[in-house]
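Trainee: Sending over work34.cif (mmCIF, C-alpha atoms).
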```
data_protein
loop_
_atom_site.label_atom_id
_atom_site.label_comp_id
_atom_site.auth_asym_id
_atom_site.auth_seq_id
_atom_site.Cartn_x
_atom_site.Cartn_y
_atom_site.Cartn_z
CA MET A 1 18.25 -158.64 14.16
CA ILE A 2 16.59 -155.25 14.72
CA VAL A 3 16.41 -153.24 17.94
CA LEU A 4 13.65 -150.65 18.21
CA ALA A 5 14.85 -148.46 21.07
CA GLY A 6 13.43 -145.61 23.11
CA ALA A 7 9.72 -145.84 22.30
CA ASP A 8 6.87 -146.35 24.72
CA LEU A 9 5.78 -149.97 24.27
CA VAL A 10 2.05 -150.75 24.40
CA LEU A 11 1.75 -154.19 26.00
CA PRO A 12 -1.58 -155.99 26.51
CA ASP A 13 -2.16 -154.50 29.97
CA ARG A 14 0.17 -151.54 30.33
CA VAL A 15 2.58 -149.14 28.66
CA VAL A 16 6.34 -149.51 29.16
CA PRO A 17 7.90 -146.05 28.78
CA GLY A 18 11.19 -145.68 26.94
CA GLY A 19 11.69 -149.38 26.32
CA SER A 20 13.26 -151.49 23.61
CA LEU A 21 12.11 -154.34 21.38
CA VAL A 22 14.53 -156.91 20.03
CA ILE A 23 13.32 -158.53 16.78
CA HIS A 24 15.00 -161.63 15.38
CA ASP A 25 13.86 -163.74 12.43
CA GLY A 26 10.62 -161.82 12.26
CA ARG A 27 9.58 -162.40 15.86
CA ILE A 28 9.86 -160.46 19.09
CA GLU A 29 12.85 -161.93 20.93
CA ALA A 30 12.98 -159.61 23.94
CA ILE A 31 11.12 -156.73 25.57
CA GLU A 32 13.29 -154.41 27.63
CA SER A 33 12.08 -151.68 29.97
CA ARG A 34 15.03 -149.46 29.07
CA VAL A 35 16.99 -148.30 26.05
CA ILE A 36 19.57 -150.90 25.12
CA ASP A 37 22.50 -150.97 22.74
CA ALA A 38 22.18 -153.10 19.63
CA PRO A 39 24.24 -156.30 19.61
CA ALA A 40 26.99 -156.59 17.02
CA GLY A 41 25.53 -156.85 13.53
CA ALA A 42 22.04 -155.74 14.58
CA THR A 43 20.25 -152.67 13.22
CA LEU A 44 19.40 -150.03 15.82
CA VAL A 45 16.36 -147.81 15.22
CA ASP A 46 16.02 -144.86 17.60
CA LEU A 47 12.31 -144.28 18.23
CA SER A 48 12.50 -141.97 21.21
CA GLY A 49 9.29 -139.98 21.57
CA HIS A 50 7.23 -142.56 19.68
CA LEU A 51 4.69 -145.23 20.62
CA ILE A 52 4.80 -148.84 19.42
CA VAL A 53 1.50 -150.73 19.24
CA PRO A 54 0.62 -154.12 17.73
CA GLY A 55 -0.25 -154.02 14.04
CA PHE A 56 -3.90 -153.24 13.38
CA VAL A 57 -6.18 -156.02 12.13
CA ASP A 58 -9.26 -154.97 10.13
CA VAL A 59 -11.85 -157.74 9.80
CA HIS A 60 -14.24 -155.65 7.70
CA ILE A 61 -12.91 -153.65 4.76
CA HIS A 62 -14.32 -153.43 1.22
CA GLY A 63 -11.64 -151.31 -0.39
CA LEU A 64 -9.23 -148.41 -0.21
CA GLU A 65 -7.87 -145.57 -2.35
CA GLY A 66 -10.00 -146.31 -5.39
CA LEU A 67 -9.74 -150.11 -5.21
CA ASP A 68 -12.70 -152.35 -4.39
CA VAL A 69 -11.97 -155.97 -3.42
CA LEU A 70 -14.44 -157.12 -6.12
CA ASP A 71 -12.49 -155.26 -8.82
CA GLY A 72 -10.52 -158.25 -10.06
CA ALA A 73 -7.45 -160.36 -9.44
CA ALA A 74 -5.10 -157.46 -8.65
CA ALA A 75 -7.47 -155.54 -6.39
CA ILE A 76 -6.92 -157.47 -3.18
CA ALA A 77 -3.14 -157.39 -3.58
CA GLY A 78 -3.43 -153.67 -4.29
CA VAL A 79 -5.42 -153.03 -1.13
CA ALA A 80 -2.93 -155.12 0.87
CA ALA A 81 -0.04 -153.02 -0.46
CA ARG A 82 -1.74 -149.77 0.55
CA LEU A 83 -2.84 -150.72 4.06
CA PRO A 84 0.51 -150.52 5.93
CA LYS A 85 0.48 -146.71 5.61
CA TYR A 86 -2.57 -146.83 7.89
CA GLY A 87 -0.97 -149.25 10.35
CA VAL A 88 -2.83 -152.35 9.13
CA THR A 89 -0.81 -155.56 9.13
CA ALA A 90 -3.66 -158.04 8.47
CA PHE A 91 -7.17 -157.77 7.04
CA CYS A 92 -10.20 -159.70 5.83
CA PRO A 93 -11.19 -158.60 2.30
CA THR A 94 -14.93 -158.03 2.57
CA SER A 95 -17.47 -158.58 -0.18
CA ILE A 96 -20.96 -157.25 -0.60
CA ALA A 97 -23.80 -159.39 -1.94
CA CYS A 98 -22.89 -160.25 -5.51
CA ALA A 99 -23.26 -162.84 -8.27
CA PRO A 100 -21.66 -166.28 -7.84
CA SER A 101 -19.09 -165.63 -10.57
CA THR A 102 -18.01 -162.39 -8.91
CA LEU A 103 -17.75 -164.08 -5.53
CA ALA A 104 -15.75 -166.98 -6.95
CA ALA A 105 -13.32 -164.57 -8.65
CA MET A 106 -12.82 -162.65 -5.41
CA LEU A 107 -12.18 -165.81 -3.42
CA SER A 108 -9.69 -166.96 -6.03
CA ALA A 109 -7.84 -163.66 -5.61
CA VAL A 110 -7.88 -164.12 -1.83
CA ALA A 111 -6.34 -167.56 -2.26
CA ALA A 112 -3.63 -166.24 -4.57
CA ALA A 113 -2.71 -163.42 -2.19
CA ARG A 114 -2.55 -165.80 0.76
CA LEU A 115 -0.41 -168.36 -1.09
CA ALA A 116 2.12 -165.80 -2.31
CA PRO A 117 2.17 -162.97 0.25
CA ASP A 118 4.16 -159.80 -0.32
CA PRO A 119 6.31 -159.30 2.80
CA ARG A 120 5.74 -155.54 2.62
CA SER A 121 1.95 -155.80 2.28
CA ALA A 122 -0.71 -156.41 4.91
CA ARG A 123 -1.38 -160.09 5.43
CA VAL A 124 -4.50 -161.28 3.60
CA MET A 125 -6.80 -163.29 5.84
CA PRO A 126 -9.77 -165.45 4.77
CA ALA A 127 -12.55 -163.24 3.40
CA HIS A 128 -15.49 -161.72 5.19
CA LEU A 129 -18.66 -162.18 3.14
CA GLU A 130 -21.52 -159.76 3.72
CA SER A 131 -23.51 -162.46 2.09
CA ASN A 132 -26.50 -162.75 -0.19
CA PHE A 133 -28.49 -164.08 2.77
CA ILE A 134 -29.32 -160.81 4.54
CA ASN A 135 -32.68 -159.18 5.17
CA PRO A 136 -33.74 -156.97 2.21
CA GLU A 137 -35.49 -154.60 4.63
CA TRP A 138 -32.15 -153.97 6.37
CA ASN A 139 -29.90 -154.09 3.32
CA GLY A 140 -28.42 -150.59 3.52
CA ALA A 141 -26.14 -150.27 0.50
CA GLN A 142 -26.21 -154.01 -0.24
CA PRO A 143 -27.78 -154.49 -3.71
CA ARG A 144 -31.27 -155.94 -3.25
CA ARG A 145 -31.12 -157.62 -6.67
CA CYS A 146 -28.41 -159.95 -5.33
CA LEU A 147 -30.22 -161.01 -2.15
CA ARG A 148 -31.60 -164.53 -1.87
CA LEU A 149 -33.44 -166.65 0.67
CA PRO A 150 -31.49 -169.64 1.96
CA PRO A 151 -32.43 -172.83 0.12
CA ARG A 152 -34.36 -175.33 2.20
CA ASN A 153 -34.50 -179.08 1.65
CA ASN A 154 -32.18 -178.57 -1.32
CA GLN A 155 -34.92 -176.65 -3.13
CA GLU A 156 -34.92 -173.04 -4.20
CA PRO A 157 -37.39 -171.07 -2.08
CA ILE A 158 -40.44 -169.41 -3.56
CA THR A 159 -39.64 -165.71 -3.74
CA ASN A 160 -40.95 -162.60 -5.36
CA ASN A 161 -37.43 -161.57 -6.39
CA GLU A 162 -37.81 -160.83 -10.09
CA ASN A 163 -34.08 -161.40 -10.62
CA LEU A 164 -34.04 -164.97 -9.30
CA GLN A 165 -33.42 -166.27 -12.79
CA GLU A 166 -30.03 -164.53 -12.84
CA PHE A 167 -28.60 -167.00 -10.30
CA ALA A 168 -29.81 -169.32 -7.59
CA ALA A 169 -28.98 -169.34 -3.88
CA THR A 170 -27.45 -172.79 -4.32
CA GLU A 171 -24.87 -171.28 -6.70
CA ILE A 172 -23.70 -168.93 -3.94
CA LEU A 173 -23.40 -171.85 -1.54
CA ALA A 174 -21.45 -173.80 -4.15
CA ALA A 175 -18.98 -170.91 -4.57
CA ILE A 176 -18.47 -170.81 -0.80
CA LYS A 177 -18.05 -174.58 -0.58
CA ALA A 178 -15.45 -174.54 -3.34
CA ALA A 179 -13.31 -172.07 -1.37
CA ARG A 180 -13.88 -173.08 2.25
CA GLN A 181 -10.34 -172.25 3.40
CA ASP A 182 -10.57 -168.74 1.98
CA VAL A 183 -13.90 -167.85 3.60
CA GLY A 184 -13.59 -166.75 7.21
CA ILE A 185 -16.59 -164.69 8.32
CA ILE A 186 -20.08 -164.92 6.83
CA THR A 187 -22.67 -162.26 7.68
CA LEU A 188 -26.31 -163.30 7.40
CA ALA A 189 -29.78 -162.60 8.78
CA PRO A 190 -30.86 -165.66 10.81
CA GLU A 191 -34.54 -164.69 10.85
CA LEU A 192 -34.93 -165.41 7.14
CA PRO A 193 -36.79 -168.63 6.30
CA GLY A 194 -34.07 -171.28 6.44
CA GLY A 195 -31.67 -168.86 8.10
CA MET A 196 -31.13 -170.89 11.27
CA ASP A 197 -30.33 -173.99 9.24
CA LEU A 198 -27.81 -171.96 7.29
CA VAL A 199 -26.21 -170.76 10.54
CA ARG A 200 -25.76 -174.35 11.67
CA ASP A 201 -24.44 -175.47 8.28
CA PHE A 202 -21.85 -172.70 8.10
CA VAL A 203 -20.73 -173.27 11.69
CA ALA A 204 -20.37 -176.99 11.02
CA ALA A 205 -18.26 -176.19 7.94
CA GLY A 206 -15.86 -174.14 10.08
CA HIS A 207 -16.93 -170.62 9.17
CA ARG A 208 -17.33 -167.78 11.65
CA VAL A 209 -20.99 -166.77 11.41
CA SER A 210 -21.96 -163.16 12.04
CA ILE A 211 -25.37 -161.64 12.60
CA GLY A 212 -25.88 -158.49 10.55
CA HIS A 213 -28.14 -156.62 8.14
CA THR A 214 -30.91 -158.21 10.13
CA GLY A 215 -34.40 -157.55 11.39
CA ALA A 216 -34.22 -160.33 13.98
CA THR A 217 -36.02 -159.95 17.26
CA TYR A 218 -34.19 -160.31 20.56
CA ASP A 219 -35.40 -163.91 20.89
CA GLU A 220 -34.41 -164.75 17.32
CA ALA A 221 -30.96 -163.27 17.90
CA ARG A 222 -30.53 -165.29 21.11
CA ALA A 223 -31.54 -168.45 19.25
CA ALA A 224 -28.98 -167.69 16.53
CA ILE A 225 -26.26 -167.21 19.15
CA ALA A 226 -27.22 -170.54 20.71
CA ALA A 227 -26.90 -172.07 17.22
CA GLY A 228 -23.34 -170.81 16.84
CA VAL A 229 -23.35 -167.14 15.84
CA CYS A 230 -20.25 -165.67 17.51
CA HIS A 231 -19.76 -162.38 15.64
CA ALA A 232 -21.85 -159.26 15.07
CA THR A 233 -21.39 -157.12 11.96
CA HIS A 234 -21.05 -153.37 12.59
CA LEU A 235 -22.92 -153.23 15.90
CA PHE A 236 -25.84 -150.75 15.94
CA ASN A 237 -25.81 -150.35 12.17
CA ARG A 238 -28.43 -152.16 10.03
CA MET A 239 -29.86 -154.26 12.85
CA THR A 240 -32.84 -154.02 15.18
CA PRO A 241 -32.07 -151.45 17.89
CA MET A 242 -32.44 -151.77 21.64
CA ALA A 243 -35.66 -150.39 23.12
CA SER A 244 -37.16 -150.60 26.60
CA ARG A 245 -39.43 -153.57 25.86
CA ALA A 246 -37.71 -154.92 22.76
CA PRO A 247 -33.94 -155.36 23.23
CA GLY A 248 -33.47 -156.36 19.59
CA VAL A 249 -30.26 -157.66 18.09
CA VAL A 250 -28.28 -154.89 19.79
CA GLY A 251 -29.47 -156.00 23.23
CA ALA A 252 -28.79 -159.67 22.51
CA VAL A 253 -25.26 -158.91 21.31
CA LEU A 254 -24.42 -156.58 24.19
CA GLU A 255 -25.47 -159.12 26.82
CA SER A 256 -23.78 -162.15 25.26
CA ASP A 257 -20.16 -162.89 26.00
CA ALA A 258 -20.28 -165.53 23.26
CA VAL A 259 -20.38 -162.79 20.60
CA ALA A 260 -17.52 -160.49 19.63
CA ALA A 261 -18.92 -157.41 17.93
CA GLU A 262 -17.55 -155.07 15.31
CA LEU A 263 -17.73 -151.33 15.92
CA ILE A 264 -17.19 -148.72 13.18
CA CYS A 265 -15.04 -146.28 15.15
CA ASP A 266 -15.46 -143.07 13.17
CA GLY A 267 -17.88 -141.26 15.49
CA PHE A 268 -20.39 -140.96 12.67
CA HIS A 269 -21.79 -144.44 12.11
CA VAL A 270 -22.13 -144.84 15.87
CA HIS A 271 -22.43 -141.85 18.20
CA SER A 272 -19.49 -141.53 20.57
CA SER A 273 -21.73 -142.00 23.61
CA LEU A 274 -23.05 -145.30 22.24
CA MET A 275 -19.51 -146.39 21.45
CA ALA A 276 -18.58 -145.72 25.08
CA ILE A 277 -21.66 -147.60 26.35
CA ALA A 278 -20.84 -150.62 24.19
CA ILE A 279 -17.25 -150.63 25.43
CA ARG A 280 -18.43 -150.53 29.05
CA ALA A 281 -20.96 -153.30 28.41
CA LYS A 282 -18.73 -155.75 26.53
CA GLY A 283 -15.19 -154.58 27.19
CA PRO A 284 -12.31 -154.34 24.71
CA ARG A 285 -11.89 -158.14 24.71
CA ARG A 286 -15.27 -158.60 23.01
CA LEU A 287 -15.24 -155.60 20.68
CA MET A 288 -13.32 -155.16 17.44
CA ALA A 289 -12.68 -151.78 15.87
CA ILE A 290 -13.37 -151.95 12.14
CA THR A 291 -13.41 -149.48 9.29
CA ASP A 292 -16.08 -150.88 6.94
CA ALA A 293 -13.98 -148.86 4.50
CA THR A 294 -14.85 -148.61 0.83
CA ALA A 295 -12.79 -147.69 -2.21
CA GLY A 296 -13.52 -144.09 -1.21
CA ALA A 297 -11.25 -144.29 1.84
CA GLY A 298 -8.14 -142.20 1.32
CA LEU A 299 -9.73 -140.18 -1.52
CA ALA A 300 -10.76 -136.52 -1.60
CA VAL A 301 -14.27 -135.38 -0.74
CA GLY A 302 -16.45 -135.46 -3.85
CA THR A 303 -14.51 -138.26 -5.49
CA ARG A 304 -16.52 -141.05 -7.08
CA ALA A 305 -15.55 -144.67 -6.54
CA ARG A 306 -17.30 -148.06 -6.50
CA LEU A 307 -18.76 -150.49 -4.01
CA GLY A 308 -19.12 -153.62 -6.08
CA ASP A 309 -20.76 -152.34 -9.27
CA GLN A 310 -22.42 -149.39 -7.53
CA THR A 311 -21.17 -145.81 -7.70
CA ILE A 312 -20.36 -144.22 -4.35
CA ILE A 313 -19.46 -140.63 -3.53
CA VAL A 314 -16.97 -139.60 -0.85
CA THR A 315 -18.38 -137.10 1.64
CA ALA A 316 -16.72 -135.37 4.57
CA ARG A 317 -17.96 -138.08 6.97
CA THR A 318 -18.64 -141.22 4.97
CA ALA A 319 -19.36 -142.75 1.57
CA GLU A 320 -22.82 -142.63 0.02
CA LEU A 321 -24.67 -144.11 -2.90
CA GLU A 322 -25.92 -141.60 -5.44
CA ASP A 323 -29.32 -141.58 -3.70
CA GLY A 324 -27.71 -140.56 -0.39
CA THR A 325 -27.76 -144.01 1.27
CA VAL A 326 -24.77 -144.48 3.57
CA ALA A 327 -22.48 -147.00 1.88
CA GLY A 328 -19.70 -148.17 4.15
CA SER A 329 -17.19 -145.61 5.32
CA VAL A 330 -14.04 -143.69 4.45
CA LEU A 331 -12.43 -144.59 7.77
CA THR A 332 -8.92 -145.97 8.18
CA MET A 333 -7.66 -147.96 11.16
CA ASP A 334 -5.21 -145.33 12.36
CA THR A 335 -8.09 -142.86 12.59
CA ALA A 336 -10.18 -145.47 14.41
CA PHE A 337 -7.37 -145.84 16.97
CA ARG A 338 -7.17 -142.07 17.44
CA THR A 339 -10.95 -141.87 17.84
CA LEU A 340 -10.87 -144.42 20.64
CA VAL A 341 -8.03 -142.64 22.44
CA ASN A 342 -8.87 -138.99 21.82
CA ARG A 343 -12.67 -138.99 21.65
CA ILE A 344 -13.66 -141.95 23.81
CA GLY A 345 -10.78 -141.53 26.26
CA MET A 346 -9.54 -145.12 26.20
CA PRO A 347 -6.05 -145.95 27.47
CA VAL A 348 -3.82 -146.75 24.52
CA PHE A 349 -3.42 -150.40 25.55
CA GLU A 350 -7.20 -150.88 25.53
CA ALA A 351 -7.53 -149.13 22.17
CA ALA A 352 -4.78 -151.40 20.85
CA ARG A 353 -6.73 -154.41 22.09
CA MET A 354 -9.78 -153.35 20.06
CA CYS A 355 -7.74 -152.49 16.97
CA ALA A 356 -5.35 -155.44 17.06
CA SER A 357 -5.45 -158.03 19.83
CA THR A 358 -9.16 -158.85 19.90
CA PRO A 359 -9.63 -159.14 16.12
CA ALA A 360 -6.45 -161.23 15.87
CA ALA A 361 -7.67 -163.54 18.63
CA GLU A 362 -11.12 -163.89 17.06
CA LEU A 363 -9.50 -164.85 13.76
CA GLY A 364 -7.40 -167.46 15.54
CA LEU A 365 -4.11 -165.63 14.96
CA VAL A 366 -2.40 -166.85 18.10
CA ASP A 367 1.06 -165.83 16.85
CA ARG A 368 0.40 -162.10 16.45
CA GLY A 369 -1.87 -159.28 17.59
CA SER A 370 0.04 -158.28 20.74
CA ILE A 371 3.51 -157.21 21.77
CA ALA A 372 4.84 -160.29 23.54
CA VAL A 373 7.96 -162.41 23.34
CA GLY A 374 7.69 -165.11 20.68
CA LEU A 375 4.99 -163.44 18.60
CA PHE A 376 5.48 -162.14 15.08
CA ALA A 377 6.73 -158.57 15.01
CA ASP A 378 3.65 -157.06 13.36
CA LEU A 379 4.01 -153.55 14.74
CA VAL A 380 3.02 -149.94 14.18
CA VAL A 381 5.15 -147.00 15.25
CA LEU A 382 3.05 -143.94 16.07
CA GLY A 383 4.22 -140.37 16.49
CA PRO A 384 3.18 -138.01 19.31
CA ASP A 385 0.05 -137.18 17.31
CA LEU A 386 -0.72 -140.94 17.01
CA GLY A 387 -0.06 -140.74 13.28
CA VAL A 388 1.59 -143.74 11.63
CA ARG A 389 5.36 -143.36 11.19
CA GLN A 390 6.47 -146.94 10.51
CA THR A 391 4.83 -150.32 10.05
CA TYR A 392 6.60 -153.66 10.46
CA ILE A 393 5.17 -156.95 9.19
CA GLY A 394 7.04 -159.95 10.53
CA GLY A 395 9.90 -157.64 11.36
CA VAL A 396 10.08 -156.29 7.79
CA ALA A 397 9.66 -152.54 7.40
CA ALA A 398 6.59 -152.19 5.21
CA LEU A 399 6.37 -148.43 5.72
CA GLU A 400 8.99 -145.92 6.76
CA HIS A 401 8.33 -142.17 6.96
#
```
Take the structure in the file and give it back as structure tokens.

Mentor:
Amino acid sequence: MIVLAGADLVLPDRVVPGGSLVIHDGRIEAIESRVIDAPAGATLVDLSGHLIVPGFVDVHIHGLEGLDVLDGAAAIAGVAARLPKYGVTAFCPTSIACAPSTLAAMLSAVAAARLAPDPRSARVMPAHLESNFINPEWNGAQPRRCLRLPPRNNQEPITNNENLQEFAATEILAAIKAARQDVGIITLAPELPGGMDLVRDFVAAGHRVSIGHTGATYDEARAAIAAGVCHATHLFNRMTPMASRAPGVVGAVLESDAVAAELICDGFHVHSSLMAIAIRAKGPRRLMAITDATAGAGLAVGTRARLGDQTIIVTARTAELEDGTVAGSVLTMDTAFRTLVNRIGMPVFEAARMCASTPAAELGLVDRGSIAVGLFADLVVLGPDLGVRQTYIGGVAALEH
């Protein structure tokens, strides 16, 4: 048994000042509104002057501190081991468009990490695939050579992609089918020929389908939502914008309560005013703070790293390909939380909802994501500056400063 005493406790709808958490067998056993003494045999941790929030859940992260999730069998475990220092207790390893063999290897590593979790590492969730089925005109840093049209009627589509002979779209689908339980979110562009059929197929197979890297019109986006799309990949980025007579994907996502949207909360990918507008439109229950972090996150400005097999360069604000194309971010979840609180002005319990509770709920993690009796003690202890001081995963101290 552990008693975390004296900290301000960030509950789903309020903050309890100077309270105590009792943790037993990895779960929250009691929440007290005062400082209590530890029972006999329990460990007492004095956290006066600190803030305890639920552990952050990042549903979109490609890498960290020089590791890319496509790097090989040890990469995902390596990222998981590094994430608690940033307050992350669960995450979805996120791929970019890649060859079937690379995808299969990544999903095998996801399976291995999930079957044999390290109690001091962030929990590995089913992967998020920024898939091969995105719009090449909205690809961003996704490698165009790996993009494919969805197969229709079990036939490969006619395409002008000169690299088609390298692998077929059906091989990507086969890799996904072989690892269903380890694939959570799939980002695609529904306006592609065959895209709507692919949405329906993935939904029927139990995947969470996300609209992203897309040139869909407002009407096409609404049709995709009606077909089962319930997620939006990095809202505002690499999708049709909202205009006065053409609401685009952004407008369709903002108006639909059926869709929970990701938001890169670094103040660069999305202007702070647009972040605030999105939060007012959808509310923290339908928005998830993400990092879209690459292997450049946590590295010094000017450092070179990789996104898949592409070289990226760390800048002061983001990561870029060598040609200057923005390539993911260098954001970490603790910084995202601080951005929401300090720059957007959100109450800490609403920021915690975007960084923890909403993504956990959208992933179906009913036993974590909030500070409540009976839930797993996945927790982050923040200092007065909102910097991470301790991280607990199932009541185990994964990080102690």

Trainee: For the file shown, what are the residues hit by the PyMOL selection byres ((chain A and resi 109-111) around 8), laid out as a PyMOL selection string?

Mentor: chain A and resi 72-74+76+93+105-108+112-115+124-127+182

Trainee: Got a sec to check which residues sit within 12 Å of (-16.3, -154.0, 25.0), counting only C-alpha atoms, and write them as number ranges by chain?

Mentor: A: 235, 253-257, 259-263, 274-289, 340, 346, 350-351, 353-355, 358

Trainee: Just to confirm, what's the straight-line distance from atom CA of Phe236 of chain A to atom CA of Thr214 of chain A in Å (one decimal)?

Mentor: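 Computed distance, atom CA of Phe236 of chain A to atom CA of Thr214 of chain A, equals 10.7 Å.
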
Trainee: Using only C-alpha atoms, which of the listed residues (A:Val59, A:Leu103, A:Leu192, A:Val250) sits closest to Ala178 of chain A?

Mentor: A:Leu103

Trainee: Taking the file above as input, evaluate the PyMOL selection byres ((chain A and resi 306-322) around 7) and report the hits as an NGL selection string.

Mentor: :A and (68 or 70 or 96 or 268 or 294-296 or 300-305 or 323-330)

Trainee: Between A:Ala372, A:Met333, A:Ala246, A:Val348, which one has atoms that come closest to Ile28 of chain A, using all atoms listed in the file?

Mentor: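 For Ile28 of chain A, the nearest of the given residues is A:Ala372.
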
Trainee: Apply the PyMOL selection byres ((chain A and resi 150) around 8) to the displayed file and report the matching residues as a ChimeraX atom specification.

Mentor: /A:133,148-149,151-152,156-157,169,192-195,198

Trainee: Grab the atom CA of Asp46 of chain A to atom CA of Val79 of chain A distance for me, in Å with one decimal place.

Mentor: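 Going from atom CA of Asp46 of chain A over to atom CA of Val79 of chain A covers 29.6 Å.
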
Trainee: Under the rule that all atoms listed in the file are counted, which of A:Asp58, A:Glu362, A:Asp8, A:Glu130 is the nearest residue to His213 of chain A?

Mentor: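 Once distances to His213 of chain A are computed over all atoms listed in the file, the minimum belongs to A:Glu130.
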
Trainee: Have a look at A:Ser273, A:Phe202, A:Cys98, A:Asp334 and name the one nearest to Gln390 of chain A; count all atoms listed in the file.

Mentor: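 So, comparing all the options, the nearest one is A:Asp334.
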
Trainee: What's the separation between atom CA of Cys92 of chain A and atom CA of Asp266 of chain A, in Å to one decimal place?

Mentor: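 Distance reported for this atom pair: 18.9 Å.
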
Trainee: Counting only C-alpha atoms, figure out which residue out of A:Leu188, A:Ala252, A:Val373, A:Ala5 gets nearest to Asn139 of chain A.

Mentor: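 Selected residue with least distance to Asn139 of chain A: A:Leu188.
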
Trainee: Between A:Ala189, A:Val53, A:Ala216, A:Ala223, which has the minimum distance to Pro12 of chain A (counting only C-alpha atoms)?

Mentor: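 Ranked by minimum distance to Pro12 of chain A, first place goes to A:Val53.
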
Trainee: Provide segment 80-97 of chain A of the preceding structure as a file containing N, CA and C atoms, as a tab-separated table (two decimals), in the first residue's frame.

Mentor:
```
chain	number	residue	atom	x	y	z
A	80	ALA	N	8.76	3.07	-25.00
A	80	ALA	CA	7.94	2.87	-23.80
A	80	ALA	C	8.72	3.16	-22.52
A	81	ALA	N	9.98	2.77	-22.50
A	81	ALA	CA	10.82	2.98	-21.31
A	81	ALA	C	11.14	4.45	-21.09
A	82	ARG	N	11.17	5.23	-22.16
A	82	ARG	CA	11.53	6.65	-22.05
A	82	ARG	C	10.34	7.56	-21.77
A	83	LEU	N	9.15	7.11	-22.04
A	83	LEU	CA	7.97	7.99	-21.96
A	83	LEU	C	7.57	8.41	-20.54
A	84	PRO	N	7.77	7.58	-19.49
A	84	PRO	CA	7.34	8.03	-18.17
A	84	PRO	C	7.98	9.34	-17.71
A	85	LYS	N	9.17	9.67	-18.18
A	85	LYS	CA	9.78	10.94	-17.77
A	85	LYS	C	9.00	12.14	-18.27
A	86	TYR	N	8.12	11.89	-19.26
A	86	TYR	CA	7.27	12.95	-19.79
A	86	TYR	C	5.82	12.79	-19.32
A	87	GLY	N	5.60	11.91	-18.35
A	87	GLY	CA	4.27	11.74	-17.78
A	87	GLY	C	3.37	10.80	-18.54
A	88	VAL	N	3.87	10.11	-19.55
A	88	VAL	CA	3.04	9.22	-20.37
A	88	VAL	C	3.01	7.83	-19.74
A	89	THR	N	1.80	7.33	-19.55
A	89	THR	CA	1.63	6.00	-18.96
A	89	THR	C	1.06	4.99	-19.96
A	90	ALA	N	0.59	5.47	-21.12
A	90	ALA	CA	0.11	4.57	-22.18
A	90	ALA	C	0.22	5.30	-23.51
A	91	PHE	N	0.47	4.54	-24.59
A	91	PHE	CA	0.63	5.19	-25.89
A	91	PHE	C	0.34	4.21	-27.02
A	92	CYS	N	0.01	4.76	-28.18
A	92	CYS	CA	-0.19	3.98	-29.40
A	92	CYS	C	1.02	4.21	-30.30
A	93	PRO	N	1.93	3.25	-30.45
A	93	PRO	CA	3.02	3.41	-31.41
A	93	PRO	C	2.43	3.70	-32.79
A	94	THR	N	2.96	4.72	-33.46
A	94	THR	CA	2.33	5.20	-34.69
A	94	THR	C	3.28	5.06	-35.86
A	95	SER	N	2.81	4.39	-36.90
A	95	SER	CA	3.63	4.17	-38.09
A	95	SER	C	3.35	5.26	-39.11
A	96	ILE	N	4.27	5.41	-40.06
A	96	ILE	CA	3.97	6.14	-41.27
A	96	ILE	C	3.77	5.11	-42.38
A	97	ALA	N	3.35	5.56	-43.56
A	97	ALA	CA	3.18	4.65	-44.68
A	97	ALA	C	4.51	3.96	-44.96
```
